[in-house]
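**Q** What follows is upload.txt, compact mmCIF, C-alpha atoms.
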```
# COMPACT_ATOMS: atom_id res chain seq x y z
CA MET Q 1470 144.98 215.16 108.23
CA LYS Q 1471 143.83 214.98 111.86
CA ARG Q 1472 146.24 213.10 114.08
CA ALA Q 1473 145.00 210.63 116.70
CA SER Q 1474 145.19 212.03 120.19
CA SER Q 1475 148.19 210.95 122.23
CA ASP Q 1476 146.53 212.01 125.47
CA PRO Q 1477 146.74 209.06 127.97
CA ALA Q 1478 143.21 209.75 129.18
CA CYS Q 1479 141.87 209.48 125.63
CA ARG Q 1480 143.77 206.26 125.01
CA SER Q 1481 142.35 204.84 128.25
CA ARG Q 1482 138.80 205.73 127.24
CA ARG Q 1483 139.30 204.10 123.83
CA ALA Q 1484 140.65 200.93 125.47
CA ILE Q 1485 137.65 200.70 127.79
CA LEU Q 1486 135.26 201.21 124.88
CA ALA Q 1487 137.05 198.50 122.88
CA LEU Q 1488 136.87 196.11 125.81
CA GLY Q 1489 133.17 196.82 126.25
CA THR Q 1490 132.54 196.11 122.58
CA CYS Q 1491 134.46 192.83 122.84
CA VAL Q 1492 132.50 191.68 125.91
CA ALA Q 1493 129.21 192.62 124.27
CA GLY Q 1494 130.25 190.59 121.25
CA LEU Q 1495 130.87 187.54 123.39
CA PHE Q 1496 127.41 187.73 124.93
CA SER Q 1497 125.83 188.02 121.50
CA PHE Q 1498 126.73 184.34 120.94
CA PRO Q 1499 124.54 182.38 123.42
CA ARG Q 1500 126.13 179.04 122.53
CA LEU Q 1501 129.43 180.27 123.98
CA ALA Q 1502 127.73 181.28 127.20
CA LEU Q 1503 125.51 178.25 127.50
CA ALA Q 1504 127.81 175.45 126.36
CA GLU Q 1505 128.45 172.85 129.03
CA GLU Q 1506 130.92 170.03 128.90
CA SER Q 1507 130.75 167.01 131.14
CA PRO Q 1508 133.83 166.68 133.37
CA VAL Q 1509 133.58 162.89 133.00
CA PRO Q 1510 134.15 161.47 129.48
CA ILE Q 1511 131.01 160.05 127.90
CA SER Q 1512 132.68 156.68 127.24
CA LEU Q 1513 133.47 156.31 130.95
CA GLN Q 1514 129.98 157.45 131.90
CA VAL Q 1515 128.47 154.72 129.74
CA GLU Q 1516 130.70 152.09 131.31
CA LEU Q 1517 129.73 153.19 134.83
CA LEU Q 1518 126.07 153.62 133.94
CA LEU Q 1519 125.70 150.07 132.66
CA LYS Q 1520 127.48 148.69 135.72
CA VAL Q 1521 125.29 150.62 138.15
CA ALA Q 1522 122.13 149.65 136.26
CA GLY Q 1523 122.85 146.07 137.21
CA TYR Q 1524 122.44 147.05 140.87
CA ASP Q 1525 118.88 148.31 140.37
CA ARG Q 1526 116.66 145.60 141.84
CA ASN Q 1527 113.78 146.63 139.57
CA LEU Q 1528 115.75 146.61 136.33
CA THR Q 1529 114.87 143.14 135.07
CA GLU Q 1530 111.16 143.64 135.81
CA ARG Q 1531 111.21 147.02 134.06
CA ALA Q 1532 113.14 145.79 131.04
CA ALA Q 1533 111.22 142.55 130.42
CA ALA Q 1534 112.87 140.76 127.47
CA HIS Q 1535 115.08 143.63 126.27
CA LEU Q 1536 116.92 146.41 128.05
CA LYS Q 1537 115.99 149.58 126.20
CA LEU Q 1538 118.13 152.67 126.67
CA LEU Q 1539 117.09 156.03 125.26
CA VAL Q 1540 119.76 158.69 124.69
CA LEU Q 1541 117.98 162.04 124.88
CA LEU Q 1542 119.45 165.15 123.25
CA LYS Q 1543 118.46 168.74 122.58
CA ASN Q 1544 117.74 169.74 119.00
CA GLU Q 1545 120.01 172.37 117.43
CA ASP Q 1546 122.61 171.88 120.16
CA SER Q 1547 125.90 170.72 118.71
CA ASP Q 1548 127.34 169.71 122.09
CA SER Q 1549 124.28 167.61 122.81
CA ALA Q 1550 124.41 165.91 119.41
CA ARG Q 1551 128.14 165.26 119.68
CA SER Q 1552 127.73 163.73 123.14
CA ALA Q 1553 124.88 161.55 121.89
CA ALA Q 1554 127.07 160.22 119.08
CA GLN Q 1555 129.82 159.45 121.60
CA ALA Q 1556 127.31 157.67 123.84
CA GLN Q 1557 126.01 155.52 121.00
CA LEU Q 1558 129.55 154.57 120.01
CA ALA Q 1559 130.32 153.50 123.57
CA LEU Q 1560 127.02 151.64 123.89
CA SER Q 1561 127.69 149.72 120.67
CA LYS Q 1562 130.50 147.91 122.47
CA THR Q 1563 128.08 146.26 124.92
CA THR Q 1564 125.54 143.66 123.85
CA ASP Q 1565 123.80 142.82 127.11
CA VAL Q 1566 123.36 143.77 130.76
CA LEU Q 1567 122.52 141.06 133.29
CA GLY Q 1568 121.87 138.74 130.37
CA LEU Q 1569 119.34 141.14 128.84
CA PRO Q 1570 120.01 142.23 125.22
CA LEU Q 1571 120.81 145.95 125.16
CA GLU Q 1572 118.93 148.12 122.66
CA SER Q 1573 119.95 151.79 122.51
CA THR Q 1574 118.49 154.58 120.43
CA SER Q 1575 118.75 158.36 120.31
CA ALA Q 1576 115.93 160.89 120.16
CA ALA Q 1577 115.58 164.66 120.29
CA PHE Q 1578 113.61 166.11 123.18
CA VAL Q 1579 110.22 167.52 122.17
CA ASP Q 1580 108.43 168.01 125.45
CA ALA Q 1581 108.15 166.24 128.80
CA PRO Q 1582 104.68 164.67 128.38
CA ALA Q 1583 105.68 163.19 125.00
CA LEU Q 1584 108.84 161.79 126.57
CA ALA Q 1585 106.90 160.16 129.41
CA ARG Q 1586 104.49 158.60 126.93
CA ARG Q 1587 107.36 157.16 124.93
CA VAL Q 1588 109.08 155.77 128.01
CA ARG Q 1589 105.87 154.00 129.02
CA ALA Q 1590 104.91 152.79 125.55
CA GLU Q 1591 108.35 151.41 124.70
CA ASN Q 1592 109.27 150.13 128.19
CA VAL Q 1593 112.39 152.30 128.26
CA ALA Q 1594 114.45 151.11 131.22
CA LEU Q 1595 117.28 153.66 131.08
CA LEU Q 1596 117.04 157.31 130.08
CA TYR Q 1597 120.35 159.08 129.44
CA LEU Q 1598 120.24 162.88 129.15
CA MET Q 1599 122.94 164.65 127.16
CA PRO Q 1600 124.20 168.21 127.80
CA GLY Q 1601 122.01 171.12 126.74
CA PHE Q 1602 118.98 170.80 129.00
CA THR Q 1603 117.85 173.83 130.99
CA ASP Q 1604 116.66 173.70 134.58
CA GLY Q 1605 113.14 174.24 133.25
CA ASP Q 1606 113.47 171.24 130.92
CA LEU Q 1607 114.72 169.07 133.77
CA ALA Q 1608 111.95 170.12 136.15
CA ALA Q 1609 109.31 169.34 133.51
CA ILE Q 1610 110.88 165.95 132.75
CA ALA Q 1611 111.03 165.06 136.45
CA GLU Q 1612 107.37 165.97 136.90
CA ALA Q 1613 106.31 163.97 133.84
CA LEU Q 1614 108.30 160.90 134.94
CA ALA Q 1615 106.94 160.85 138.50
CA GLY Q 1616 105.46 157.38 138.96
CA VAL Q 1617 107.14 156.06 135.78
CA SER Q 1618 109.55 153.17 136.27
CA VAL Q 1619 112.76 154.36 134.61
CA LEU Q 1620 116.35 155.00 135.68
CA SER Q 1621 117.19 158.51 134.45
CA VAL Q 1622 120.83 159.55 134.25
CA GLY Q 1623 122.36 162.95 133.49
CA THR Q 1624 125.71 163.70 131.91
CA LEU Q 1625 126.12 166.82 134.09
CA ALA Q 1626 126.27 167.04 137.86
CA ARG Q 1627 123.59 169.72 138.12
CA TYR Q 1628 121.02 167.41 136.50
CA VAL Q 1629 120.66 165.26 139.61
CA ALA Q 1630 119.48 168.15 141.77
CA ARG Q 1631 116.99 169.14 139.06
CA GLY Q 1632 115.35 165.76 138.59
CA THR Q 1633 117.44 162.85 137.28
CA VAL Q 1634 118.06 159.84 139.49
CA LEU Q 1635 121.80 159.76 138.78
CA ALA Q 1636 124.42 162.11 137.38
CA PHE Q 1637 128.19 162.28 137.03
CA ASP Q 1638 130.76 164.61 138.51
CA LEU Q 1639 134.53 164.80 138.92
CA ILE Q 1640 135.53 165.02 142.58
CA GLY Q 1641 139.16 165.03 143.63
CA GLY Q 1642 140.14 164.17 140.08
CA LYS Q 1643 138.02 161.00 140.14
CA PRO Q 1644 134.62 160.29 138.54
CA LYS Q 1645 131.81 160.18 141.07
CA LEU Q 1646 128.18 159.14 140.77
CA LEU Q 1647 125.59 161.39 142.37
CA VAL Q 1648 122.17 160.03 143.36
CA ASN Q 1649 118.86 161.68 144.19
CA LEU Q 1650 117.16 159.15 146.47
CA ALA Q 1651 113.81 160.95 146.48
CA ARG Q 1652 113.74 160.89 142.69
CA ALA Q 1653 114.83 157.24 142.66
CA LYS Q 1654 111.84 156.35 144.83
CA GLN Q 1655 109.43 158.29 142.60
CA GLN Q 1656 110.72 156.47 139.52
CA HIS Q 1657 110.76 153.01 141.13
CA VAL Q 1658 114.53 152.69 141.13
CA GLU Q 1659 115.87 150.57 143.99
CA LEU Q 1660 119.65 150.55 144.13
CA SER Q 1661 121.39 148.10 146.42
CA SER Q 1662 123.06 149.46 149.54
CA SER Q 1663 126.44 148.18 148.35
CA VAL Q 1664 126.47 150.53 145.36
CA LEU Q 1665 124.85 153.44 147.22
CA LYS Q 1666 127.88 153.50 149.54
CA LEU Q 1667 129.99 154.50 146.56
CA MET Q 1668 127.78 157.45 145.60
CA ARG Q 1669 127.22 160.95 146.87
CA VAL Q 1670 123.62 161.56 147.92
CA ILE Q 1671 122.05 164.81 146.67
CA GLU Q 1672 118.93 166.13 148.37
```
Show this structure as structure tokens.
**A**
Amino acid sequence: MKRASSDPACRSRRAILALGTCVAGLFSFPRLALAEESPVPISLQVELLLKVAGYDRNLTERAAAHLKLLVLLKNEDSDSARSAAQAQLALSKTTDVLGLPLESTSAAFVDAPALARRVRAENVALLYLMPGFTDGDLAAIAEALAGVSVLSVGTLARYVARGTVLAFDLIGGKPKLLVNLARAKQQHVELSSSVLKLMRVIE
């Protein structure tokens, strides 16, 4: 029977090959590479989101008789679905905002034009994007929502630079709201100066 080589150089080569195989295996699972987790708990995001919404001067006009909030998730993304379920649980604890009855629903993202049509047709006042969206998705959504009156909010900090009005981040161990003022203007969101002072502006 042939004995395994005890040569240190051979052992080193085998170790490098094993490591390469392991790394290649990791990259063969895209969900591991792509998974993103919000640094701010969804329950806290919902609490802050509903508070900030009350500082949007156009909210009551946009909402009419009911404040409709759409939780948007990516199909076949377990993180996105799990976050959506957490959001709905947190939202179920609130019945109204500024005296307006709150109605929340979840939907899977199909494409940006279809989303814009739904927002218009159903008078969606708040759009809450879960993890799982690519930069391409976000750019398309921002383009489709240009001129549409809706407050869009992202669970992840990078969303605000890619097209949502607001997003959440953890800065210095504390939750922080990020705001894209150019996007806010395009989507007819007018936040009061008192609440803007508490946010970080993203260009």
**Q** Expressed in Å to a single decimal, how great is the separation between atom CA of Q:Thr1633 and atom CA of Q:Leu1595?
**A** 11.1 Å
**Q** Quick one: pull the distance between atom CA of Q:Pro1570 and atom CA of Q:Ala1636, Å, one decimal.
**A**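 Separating atom CA of Q:Pro1570 from atom CA of Q:Ala1636 is a distance of 23.7 Å.
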**Q** Atom CA of Q:Ser1573 to atom CA of Q:Arg1586: how many Å, to one decimal?
**A**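 Taking atom CA of Q:Ser1573 as the start and atom CA of Q:Arg1586 as the end point, the length is 17.5 Å.
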**Q** Report the closest atom pair, with its distance in Å rounded to one decimal, for each residue of stretch 1571-1621 of chain Q that has an atom no farther than 12 Å from stretch 1541-1561 of chain Q; count only C-alpha atoms, sort by chain and then rising residue number, and write it as CSV.
**A**
```
residue,atom,partner,partner_atom,distance
Q:Leu1571,CA,Q:Leu1560,CA,8.5
Q:Glu1572,CA,Q:Leu1560,CA,8.9
Q:Ser1573,CA,Q:Leu1560,CA,7.2
Q:Thr1574,CA,Q:Gln1557,CA,7.6
Q:Ser1575,CA,Q:Leu1541,CA,5.9
Q:Ala1576,CA,Q:Leu1541,CA,5.3
Q:Ala1577,CA,Q:Leu1542,CA,4.9
Q:Phe1578,CA,Q:Lys1543,CA,5.5
Q:Val1579,CA,Q:Lys1543,CA,8.3
Q:Asp1580,CA,Q:Lys1543,CA,10.5
Q:Ala1581,CA,Q:Leu1541,CA,11.4
Q:Leu1584,CA,Q:Leu1541,CA,9.3
Q:Arg1587,CA,Q:Leu1541,CA,11.7
Q:Val1588,CA,Q:Leu1541,CA,11.3
Q:Val1593,CA,Q:Leu1541,CA,11.7
Q:Leu1595,CA,Q:Leu1541,CA,10.4
Q:Leu1596,CA,Q:Leu1541,CA,7.1
Q:Tyr1597,CA,Q:Leu1541,CA,5.9
Q:Leu1598,CA,Q:Leu1541,CA,4.9
Q:Met1599,CA,Q:Leu1542,CA,5.3
Q:Pro1600,CA,Q:Ser1549,CA,5.0
Q:Gly1601,CA,Q:Ser1549,CA,5.7
Q:Phe1602,CA,Q:Lys1543,CA,6.8
Q:Thr1603,CA,Q:Lys1543,CA,9.8
Q:Asp1606,CA,Q:Lys1543,CA,10.0
Q:Leu1607,CA,Q:Leu1541,CA,11.8
Q:Ile1610,CA,Q:Leu1541,CA,11.3
Q:Ser1621,CA,Q:Leu1541,CA,10.2
```
**Q** Which residue gives the smallest distance to Q:Ala1613 among Q:Leu1536, Q:Leu1517, Q:Leu1665, Q:Ala1583, with all atoms listed in the file counted?
**A**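 Going through Q:Leu1536, Q:Leu1517, Q:Leu1665, Q:Ala1583 one by one, the smallest distance to Q:Ala1613 is for Q:Ala1583.
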**Q** Which polymer residues have any atom within 12 Å of an atom of stretch 1562-1565 of chain Q, counting all atoms listed in the file, with same-chain residues fewer than 6 positions away left out, as JSON, numbers by chain?
**A** {"Q": [1512, 1515, 1516, 1518, 1519, 1520, 1522, 1523, 1529, 1532, 1534, 1535, 1536, 1537, 1538, 1555, 1556, 1571, 1572, 1573]}
**Q** For a quick check of understanding, using only C-alpha atoms, which of Q:Ile1671, Q:Ala1533, Q:Ala1611, Q:Ala1626 has the smallest distance to Q:Ser1507?
**A**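 Nearest to Q:Ser1507: Q:Ala1626.
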**Q** Return the padded bounding box of stretch 1634-1645 of chain Q as lines of an AutoDock Vina configuration file: axis-aligned, built from all atoms listed in the file, 3 Å added on each side, with centre and edge lengths in Å to one decimal.
**A**
```
center_x = 129.1
center_y = 162.4
center_z = 140.3
size_x = 28.1
size_y = 11.3
size_z = 12.6
```
